[in-house]
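The file final-v9.tsv comes next; it holds TSV, C-alpha atoms.
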chain	number	residue	atom	x	y	z
A	1	MET	CA	-42.15	93.46	184.20
A	2	ALA	CA	-39.24	93.63	181.78
A	3	GLY	CA	-39.70	95.38	178.47
A	4	ARG	CA	-38.05	94.59	175.19
A	5	PRO	CA	-34.24	94.21	175.31
A	6	PRO	CA	-32.32	97.39	174.47
A	7	LYS	CA	-30.49	97.92	171.20
A	8	VAL	CA	-26.70	98.11	171.03
A	9	ASP	CA	-25.57	98.69	167.41
A	10	HIS	CA	-26.38	102.39	167.57
A	11	VAL	CA	-23.88	102.74	170.42
A	12	LYS	CA	-21.09	101.58	168.12
A	13	ARG	CA	-22.28	103.79	165.29
A	14	GLU	CA	-22.34	106.84	167.56
A	15	PHE	CA	-18.86	106.13	168.89
A	16	GLN	CA	-17.43	105.62	165.41
A	17	ARG	CA	-19.03	108.86	164.24
A	18	GLU	CA	-17.28	110.67	167.09
A	19	ALA	CA	-13.96	109.06	166.21
A	20	ASN	CA	-14.36	109.87	162.53
A	21	ALA	CA	-15.28	113.48	163.30
A	22	ALA	CA	-12.10	113.82	165.37
A	23	ARG	CA	-10.07	112.26	162.56
A	24	ASN	CA	-11.54	114.68	160.01
A	25	LEU	CA	-10.97	117.67	162.29
A	26	VAL	CA	-7.30	116.84	162.82
A	27	SER	CA	-6.84	116.15	159.11
A	28	ALA	CA	-8.38	119.50	158.22
A	29	ILE	CA	-6.26	121.37	160.76
A	30	ASP	CA	-3.12	119.58	159.64
A	31	SER	CA	-3.73	120.70	156.05
A	32	LEU	CA	-3.73	124.39	156.98
A	33	PRO	CA	-0.58	126.43	156.43
A	34	ARG	CA	1.42	127.19	159.55
A	35	LYS	CA	2.42	130.62	160.74
A	36	ALA	CA	5.16	131.28	163.23
A	37	HIS	CA	3.91	134.71	164.31
A	38	PRO	CA	0.43	135.15	165.86
A	39	ASN	CA	-0.18	138.36	163.88
A	40	ALA	CA	0.61	136.81	160.49
A	41	ALA	CA	-2.24	137.12	157.99
A	42	ASN	CA	-2.80	133.47	157.09
A	43	GLY	CA	-2.32	130.06	158.61
A	44	ILE	CA	-2.52	128.58	162.08
A	45	HIS	CA	0.11	128.73	164.78
A	46	PRO	CA	1.75	125.33	165.50
A	47	LYS	CA	0.87	125.70	169.18
A	48	HIS	CA	-2.81	125.87	168.29
A	49	VAL	CA	-2.49	122.76	166.13
A	50	LEU	CA	-1.18	120.86	169.13
A	51	GLN	CA	-3.98	122.17	171.35
A	52	ILE	CA	-6.63	121.08	168.85
A	53	ILE	CA	-5.26	117.57	168.47
A	54	GLU	CA	-5.04	117.25	172.27
A	55	LEU	CA	-8.69	118.26	172.71
A	56	ALA	CA	-9.77	115.97	169.86
A	57	PHE	CA	-7.98	113.05	171.47
A	58	MET	CA	-9.45	113.81	174.87
A	59	GLY	CA	-12.91	113.71	173.28
A	60	VAL	CA	-12.22	110.37	171.61
A	61	VAL	CA	-11.04	108.77	174.85
A	62	ALA	CA	-14.17	110.03	176.62
A	63	ALA	CA	-16.33	108.66	173.79
A	64	TRP	CA	-14.52	105.31	174.00
A	65	GLU	CA	-15.19	105.01	177.73
A	66	GLU	CA	-18.84	105.93	177.14
A	67	PHE	CA	-18.99	103.22	174.47
A	68	LEU	CA	-17.65	100.61	176.92
A	69	GLU	CA	-20.14	101.62	179.58
A	70	ARG	CA	-23.15	101.74	177.29
A	71	THR	CA	-22.41	98.39	175.62
A	72	LEU	CA	-21.69	96.59	178.88
A	73	VAL	CA	-24.86	97.90	180.49
A	74	ARG	CA	-26.93	96.93	177.45
A	75	TYR	CA	-25.48	93.43	177.23
A	76	ILE	CA	-26.26	92.92	180.93
A	77	ALA	CA	-29.82	93.98	180.11
A	78	GLY	CA	-30.05	91.38	177.33
A	79	ALA	CA	-29.17	93.40	174.24
A	80	SER	CA	-28.38	91.65	170.96
A	81	THR	CA	-26.66	93.12	167.92
A	82	ASP	CA	-28.44	93.48	164.60
A	83	CYS	CA	-26.67	90.24	163.60
A	84	ASN	CA	-28.24	88.51	166.62
A	85	TYR	CA	-25.03	88.31	168.63
A	86	SER	CA	-25.26	88.55	172.40
A	87	PRO	CA	-22.94	87.40	175.19
A	88	SER	CA	-23.87	84.20	176.98
A	89	ASN	CA	-25.18	85.24	180.39
A	90	LYS	CA	-24.43	83.20	183.50
A	91	TYR	CA	-27.24	84.53	185.65
A	92	GLY	CA	-29.94	85.91	183.38
A	93	HIS	CA	-30.59	89.48	182.26
A	94	ALA	CA	-31.22	92.71	184.10
A	95	ASN	CA	-34.79	93.94	183.69
A	96	THR	CA	-33.87	97.47	182.57
A	97	LEU	CA	-30.82	99.63	181.90
A	98	ASN	CA	-31.18	101.13	185.39
A	99	HIS	CA	-31.27	97.63	186.84
A	100	ALA	CA	-28.10	96.80	184.87
A	101	TYR	CA	-26.36	99.83	186.37
A	102	GLU	CA	-27.40	98.70	189.84
A	103	ILE	CA	-26.01	95.23	189.21
A	104	LEU	CA	-22.72	96.43	187.75
A	105	SER	CA	-22.16	99.02	190.49
A	106	GLN	CA	-23.54	96.76	193.25
A	107	ASP	CA	-25.46	99.79	194.41
A	108	ALA	CA	-29.27	99.71	194.52
A	109	ASN	CA	-29.30	103.52	194.56
A	110	TYR	CA	-26.94	103.96	191.62
A	111	ASP	CA	-27.57	107.12	189.60
A	112	PRO	CA	-25.73	107.26	186.23
A	113	GLN	CA	-25.89	111.05	186.35
A	114	LYS	CA	-24.05	111.19	189.68
A	115	HIS	CA	-21.82	108.14	189.66
A	116	TYR	CA	-19.67	106.33	187.15
A	117	LEU	CA	-18.50	102.82	186.38
A	118	LYS	CA	-14.77	102.04	186.24
A	119	VAL	CA	-14.69	101.81	182.46
A	120	ASN	CA	-11.41	103.74	182.32
A	121	ASP	CA	-9.82	100.52	183.64
A	122	PRO	CA	-9.86	97.89	180.85
A	123	ARG	CA	-9.12	95.10	183.32
A	124	TRP	CA	-12.22	96.02	185.34
A	125	VAL	CA	-14.29	95.87	182.14
A	126	TRP	CA	-13.28	92.42	181.02
A	127	ARG	CA	-13.10	90.92	184.51
A	128	THR	CA	-16.60	92.24	185.21
A	129	ALA	CA	-17.73	90.72	181.92
A	130	ASP	CA	-16.04	87.45	182.97
A	131	PHE	CA	-18.21	87.42	186.09
A	132	TYR	CA	-21.54	88.02	184.38
A	133	PHE	CA	-21.01	86.22	181.06
A	134	ALA	CA	-19.87	82.72	180.17
A	135	ILE	CA	-18.80	84.02	176.75
A	136	HIS	CA	-18.34	87.69	175.87
A	137	PRO	CA	-16.43	89.96	173.44
A	138	TYR	CA	-14.48	92.06	175.94
A	139	GLY	CA	-11.55	89.66	175.93
A	140	CYS	CA	-10.23	91.69	173.00
A	141	LEU	CA	-9.11	94.27	175.58
A	142	THR	CA	-6.74	91.91	177.36
A	143	ASN	CA	-3.75	92.25	175.05
A	144	LYS	CA	-4.29	95.99	174.57
A	145	VAL	CA	-4.16	96.96	178.23
A	146	ASP	CA	-0.88	98.85	178.01
A	147	LEU	CA	-2.00	100.90	175.02
A	148	LEU	CA	-5.37	101.68	176.59
A	149	LYS	CA	-3.82	102.74	179.89
A	150	ARG	CA	-1.27	104.89	178.06
A	151	ALA	CA	-4.13	106.62	176.29
A	152	ASN	CA	-5.53	107.51	179.71
A	153	SER	CA	-2.23	109.05	180.76
A	154	ILE	CA	-2.16	111.16	177.58
A	155	ARG	CA	-5.76	112.27	178.14
A	156	ASN	CA	-5.09	113.03	181.81
A	157	ARG	CA	-2.09	115.19	180.94
A	158	VAL	CA	-4.27	117.22	178.55
A	159	ALA	CA	-6.88	117.70	181.27
A	160	HIS	CA	-4.64	118.24	184.30
A	161	GLY	CA	-1.33	119.87	185.15
A	162	SER	CA	-0.61	117.92	188.34
A	163	GLU	CA	2.86	116.52	188.97
A	164	LYS	CA	1.47	112.98	188.82
A	165	CYS	CA	-0.14	113.60	185.41
A	166	LYS	CA	3.11	115.10	184.15
A	167	ALA	CA	5.14	112.15	185.43
A	168	ASP	CA	2.71	109.58	184.00
A	169	PHE	CA	2.74	111.30	180.63
A	170	LYS	CA	6.53	111.50	180.56
A	171	GLU	CA	6.71	107.76	181.26
A	172	THR	CA	4.21	107.12	178.47
A	173	ALA	CA	6.08	109.27	175.94
A	174	ILE	CA	9.32	107.48	176.76
A	175	TRP	CA	7.54	104.12	176.43
A	176	PHE	CA	6.45	105.05	172.92
A	177	LEU	CA	9.54	106.89	171.71
A	178	GLN	CA	12.47	105.46	173.70
A	179	PRO	CA	14.53	108.64	173.21
A	180	GLN	CA	18.25	108.65	173.85
A	181	ASN	CA	18.96	108.51	177.60
A	182	ASN	CA	15.18	108.54	178.13
A	183	GLN	CA	15.22	112.32	177.80
A	184	LEU	CA	12.42	114.27	176.13
A	185	THR	CA	12.84	117.76	174.72
A	186	GLN	CA	11.90	120.62	177.03
A	187	GLY	CA	8.13	121.18	177.12
A	188	TYR	CA	7.31	118.02	175.17
A	189	GLY	CA	3.56	117.54	175.45
A	190	PRO	CA	0.64	115.31	174.44
A	191	GLY	CA	0.01	117.07	171.12
A	192	ALA	CA	3.58	116.50	169.98
A	193	LEU	CA	3.38	112.81	170.89
A	194	LEU	CA	0.02	112.36	169.16
A	195	LEU	CA	1.32	113.96	165.96
A	196	SER	CA	4.55	111.97	165.98
A	197	SER	CA	4.87	108.77	163.96
A	198	VAL	CA	4.48	105.34	165.56
A	199	GLN	CA	7.78	103.63	166.29
A	200	ARG	CA	6.63	100.65	168.36
A	201	HIS	CA	3.71	98.96	170.15
A	202	PHE	CA	1.05	99.50	167.43
A	203	GLY	CA	2.35	96.91	164.99
A	204	GLN	CA	4.57	96.87	161.94
A	205	GLN	CA	1.92	98.10	159.52
A	206	ALA	CA	1.46	101.33	161.48
A	207	ILE	CA	5.23	101.80	161.50
A	208	ASN	CA	5.55	101.11	157.77
A	209	ASN	CA	2.72	103.53	156.99
A	210	ASN	CA	4.24	106.30	159.09
A	211	THR	CA	0.99	106.44	161.06
A	212	SER	CA	0.72	109.06	163.78
A	213	HIS	CA	-0.04	108.01	167.33
A	214	PHE	CA	-3.34	109.88	167.07
A	215	ALA	CA	-4.41	107.94	163.97
A	216	ALA	CA	-3.13	104.65	165.41
A	217	TYR	CA	-5.22	105.12	168.52
A	218	LEU	CA	-8.33	105.86	166.48
A	219	ASP	CA	-7.72	102.74	164.41
A	220	LEU	CA	-7.29	100.72	167.61
A	221	TYR	CA	-10.48	102.02	169.20
A	222	GLU	CA	-12.52	101.42	166.06
A	223	SER	CA	-11.13	97.90	165.65
A	224	LEU	CA	-11.99	97.04	169.25
A	225	SER	CA	-15.47	98.54	168.92
A	226	ASN	CA	-16.12	96.25	165.94
A	227	LYS	CA	-15.15	93.25	168.05
A	228	ILE	CA	-17.25	94.29	171.04
A	229	VAL	CA	-20.31	94.96	168.85
A	230	PRO	CA	-19.81	92.54	165.93

Kindly return the structure encoded in the file as structure tokens.
Amino acid sequence: MAGRPPKVDHVKREFQREANAARNLVSAIDSLPRKAHPNAANGIHPKHVLQIIELAFMGVVAAWEEFLERTLVRYIAGASTDCNYSPSNKYGHANTLNHAYEILSQDANYDPQKHYLKVNDPRWVWRTADFYFAIHPYGCLTNKVDLLKRANSIRNRVAHGSEKCKADFKETAIWFLQPQNNQLTQGYGPGALLLSSVQRHFGQQAINNNTSHFAAYLDLYESLSNKIVP
């Protein structure tokens, strides 16, 4: 017998708290004086600033993917927002969250602690939603696919040093920056890209405001989360 439908608004609140904490951390680090020599008395070495922003971004991307998974599973299980919004189901609701995971994974033995849904692929998310819902909010991902996939390549380069991750990140950095002759400076990494100002792809307002790629991504994620959980 099915219990009461699960809640969903808290999922958005938790994600936005994570994003805001990352924003505040990077802002606080950015305000510290820099020091070029590790043994200097005060300040933080620029290399450490880049490492911190990379880790903060990696955490935000992970939190975003968790948000997508948790909202999709809850909507499949019949969740409504505090404003009484819910997607229009084609086939009825799952009985529980575990049942929703089984449906989405098409695996009756699915264990969320051992397996994962393909929420790092935005197309999988909205096409899965297309299958289960007549009307749903995940269509907001469709025109942000490139940006969302580029975020994955930045995150993957922070986490891994494989040749593929390096190549994917280089392609992403060039996509954002379009440097002369498509050449990046030696050792150019994710932290440098995230701290650099937006030049394209995020809209004119971000360009006019000299918004960093890190801040632009946080704004994007938060905007999308407000559309998915209105």

**Request:** May I ask for the distance between atom CA of A:Phe57 and atom CA of A:Pro112, given in Å to one decimal place?
**Result:**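 Computed distance, atom CA of A:Phe57 to atom CA of A:Pro112, equals 23.8 Å.
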
Could you name the residues that touch A:Asp30 at 10 Å or less, counting all atoms listed in the file, but leaving out those on the same chain fewer than 4 positions away, as a PDB file with C-alpha atoms, in the frame of the given file?
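Output file selection.pdb follows:
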ATOM      1  CA  ASN A  24     -11.540 114.680 160.010  1.00  0.00           C
ATOM      2  CA  LEU A  25     -10.970 117.670 162.290  1.00  0.00           C
ATOM      3  CA  VAL A  26      -7.300 116.840 162.820  1.00  0.00           C
ATOM      4  CA  ARG A  34       1.420 127.190 159.550  1.00  0.00           C
ATOM      5  CA  ILE A  44      -2.520 128.580 162.080  1.00  0.00           C
ATOM      6  CA  PRO A  46       1.750 125.330 165.500  1.00  0.00           C
ATOM      7  CA  VAL A  49      -2.490 122.760 166.130  1.00  0.00           C
ATOM      8  CA  LEU A  50      -1.180 120.860 169.130  1.00  0.00           C
ATOM      9  CA  ILE A  52      -6.630 121.080 168.850  1.00  0.00           C
ATOM     10  CA  ILE A  53      -5.260 117.570 168.470  1.00  0.00           C
ATOM     11  CA  LEU A 195       1.320 113.960 165.960  1.00  0.00           C
TER      12      LEU A 195
END

Please produce, as a Markdown table, a per-residue contact table for stretch 163-226 of chain A versus stretch 62-84 of chain A (criterion: any atom at most 10 Å away, all atoms listed in the file considered), showing the nearest atom pair and its distance in Å to one decimal, sorted by chain then residue number.
| residue | atom | partner | partner_atom | distance |
| --- | --- | --- | --- | --- |
| A:Leu218 | CA | A:Trp64 | CA | 9.8 |
| A:Tyr221 | CA | A:Trp64 | CA | 7.1 |
| A:Glu222 | CA | A:Trp64 | CA | 9.1 |
| A:Leu224 | CA | A:Trp64 | CA | 9.9 |
| A:Ser225 | CA | A:Phe67 | CA | 8.1 |

Can you write out the residues you just picked, keeping C-alpha atoms, as a tab-separated table (two decimals), in the coordinates of the input?
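The result, stored in out-v4.tsv:
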chain	number	residue	atom	x	y	z
A	218	LEU	CA	-8.33	105.86	166.48
A	221	TYR	CA	-10.48	102.02	169.20
A	222	GLU	CA	-12.52	101.42	166.06
A	224	LEU	CA	-11.99	97.04	169.25
A	225	SER	CA	-15.47	98.54	168.92

**Request:** With only C-alpha atoms counted, which protein, DNA or RNA residues have an atom no more than 9 Å from (-4.0, 122.7, 176.1) in the file frame? Please answer as a list in words.
**Result:** Lys47, His48, Leu50, Gln51, Ile52, Glu54, Leu55, Val158, Ala159, Pro190 and Gly191 of chain A

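Near A:His136, within a cut-off of 8 Å and counting all atoms listed in the file, sit the residues A:Ser86, A:Pro87, A:Ser88, A:Ala129, A:Asp130, with same-chain residues fewer than 6 positions away left out.
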
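Note that atom CA of A:Lys227 and atom CA of A:Asn89 are 17.8 Å apart.
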
**Prompt:** Of the residues A:Tyr110, A:Asn152, A:Pro230, A:Trp126, which is the one nearest to A:Gly59, using all atoms listed in the file?
**Reply:**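 Of A:Tyr110, A:Asn152, A:Pro230, A:Trp126, the one nearest A:Gly59, counting all atoms listed in the file, is A:Asn152.
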
**Asked** Looking at only C-alpha atoms, which of A:Ala21, A:Leu32, A:Met58, A:Val11 is the one that sits closest to A:Asn156?
**Response**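 Comparing A:Ala21, A:Leu32, A:Met58, A:Val11 against A:Asn156, the winner is A:Met58.
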
**Message:** Could you list, as JSON, numbers by chain, every residue within 10 Å of A:Leu141, counting all atoms listed in the file and ignoring same-chain residues fewer than 5 positions away?
**Reply:** {"A": [122, 123, 125, 126, 146, 147, 148, 224, 227, 228]}

**Item:** atom CA of A:Asp121 to atom CA of A:Ala108, straight-line distance in Å
**Value:**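 If I compute the distance from atom CA of A:Ala108 to atom CA of A:Asp121, I get 22.3 Å.
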
For stretch 119-194 of chain A against stretch 205-212 of chain A, with a cut-off of 12 Å and counting only C-alpha atoms, what is the closest atom pair and its distance in Å to one decimal for every residue that makes the cut, ordered by chain and number, as a Markdown table?
| residue | atom | partner | partner_atom | distance |
| --- | --- | --- | --- | --- |
| A:Phe176 | CA | A:Ser212 | CA | 11.5 |
| A:Gly191 | CA | A:Ser212 | CA | 10.9 |
| A:Ala192 | CA | A:Ser212 | CA | 10.1 |
| A:Leu193 | CA | A:Ser212 | CA | 8.5 |
| A:Leu194 | CA | A:Ser212 | CA | 6.4 |

**Request:** Return the single residue from A:Phe133, A:Arg23, A:Gln183, A:Arg150 that is closest to A:Phe169, with distances computed using only C-alpha atoms.
**Result:** A:Arg150

**Option closest in space to A:Asn143, from A:Val61, A:Leu220, A:Val8, A:Ala36 [counting all atoms listed in the file]** = A:Leu220

**Request:** Have a look at A:Thr172, A:Ala134, A:Asn120, A:Ser105 and name the one nearest to A:His201; count all atoms listed in the file.
**Result:** A:Thr172

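Of the residues listed (A:Asp168, A:Ala216, A:Leu177, A:Glu14), A:Asp168 shows the shortest atom-to-atom separation from A:Ser153; distances use all atoms listed in the file.
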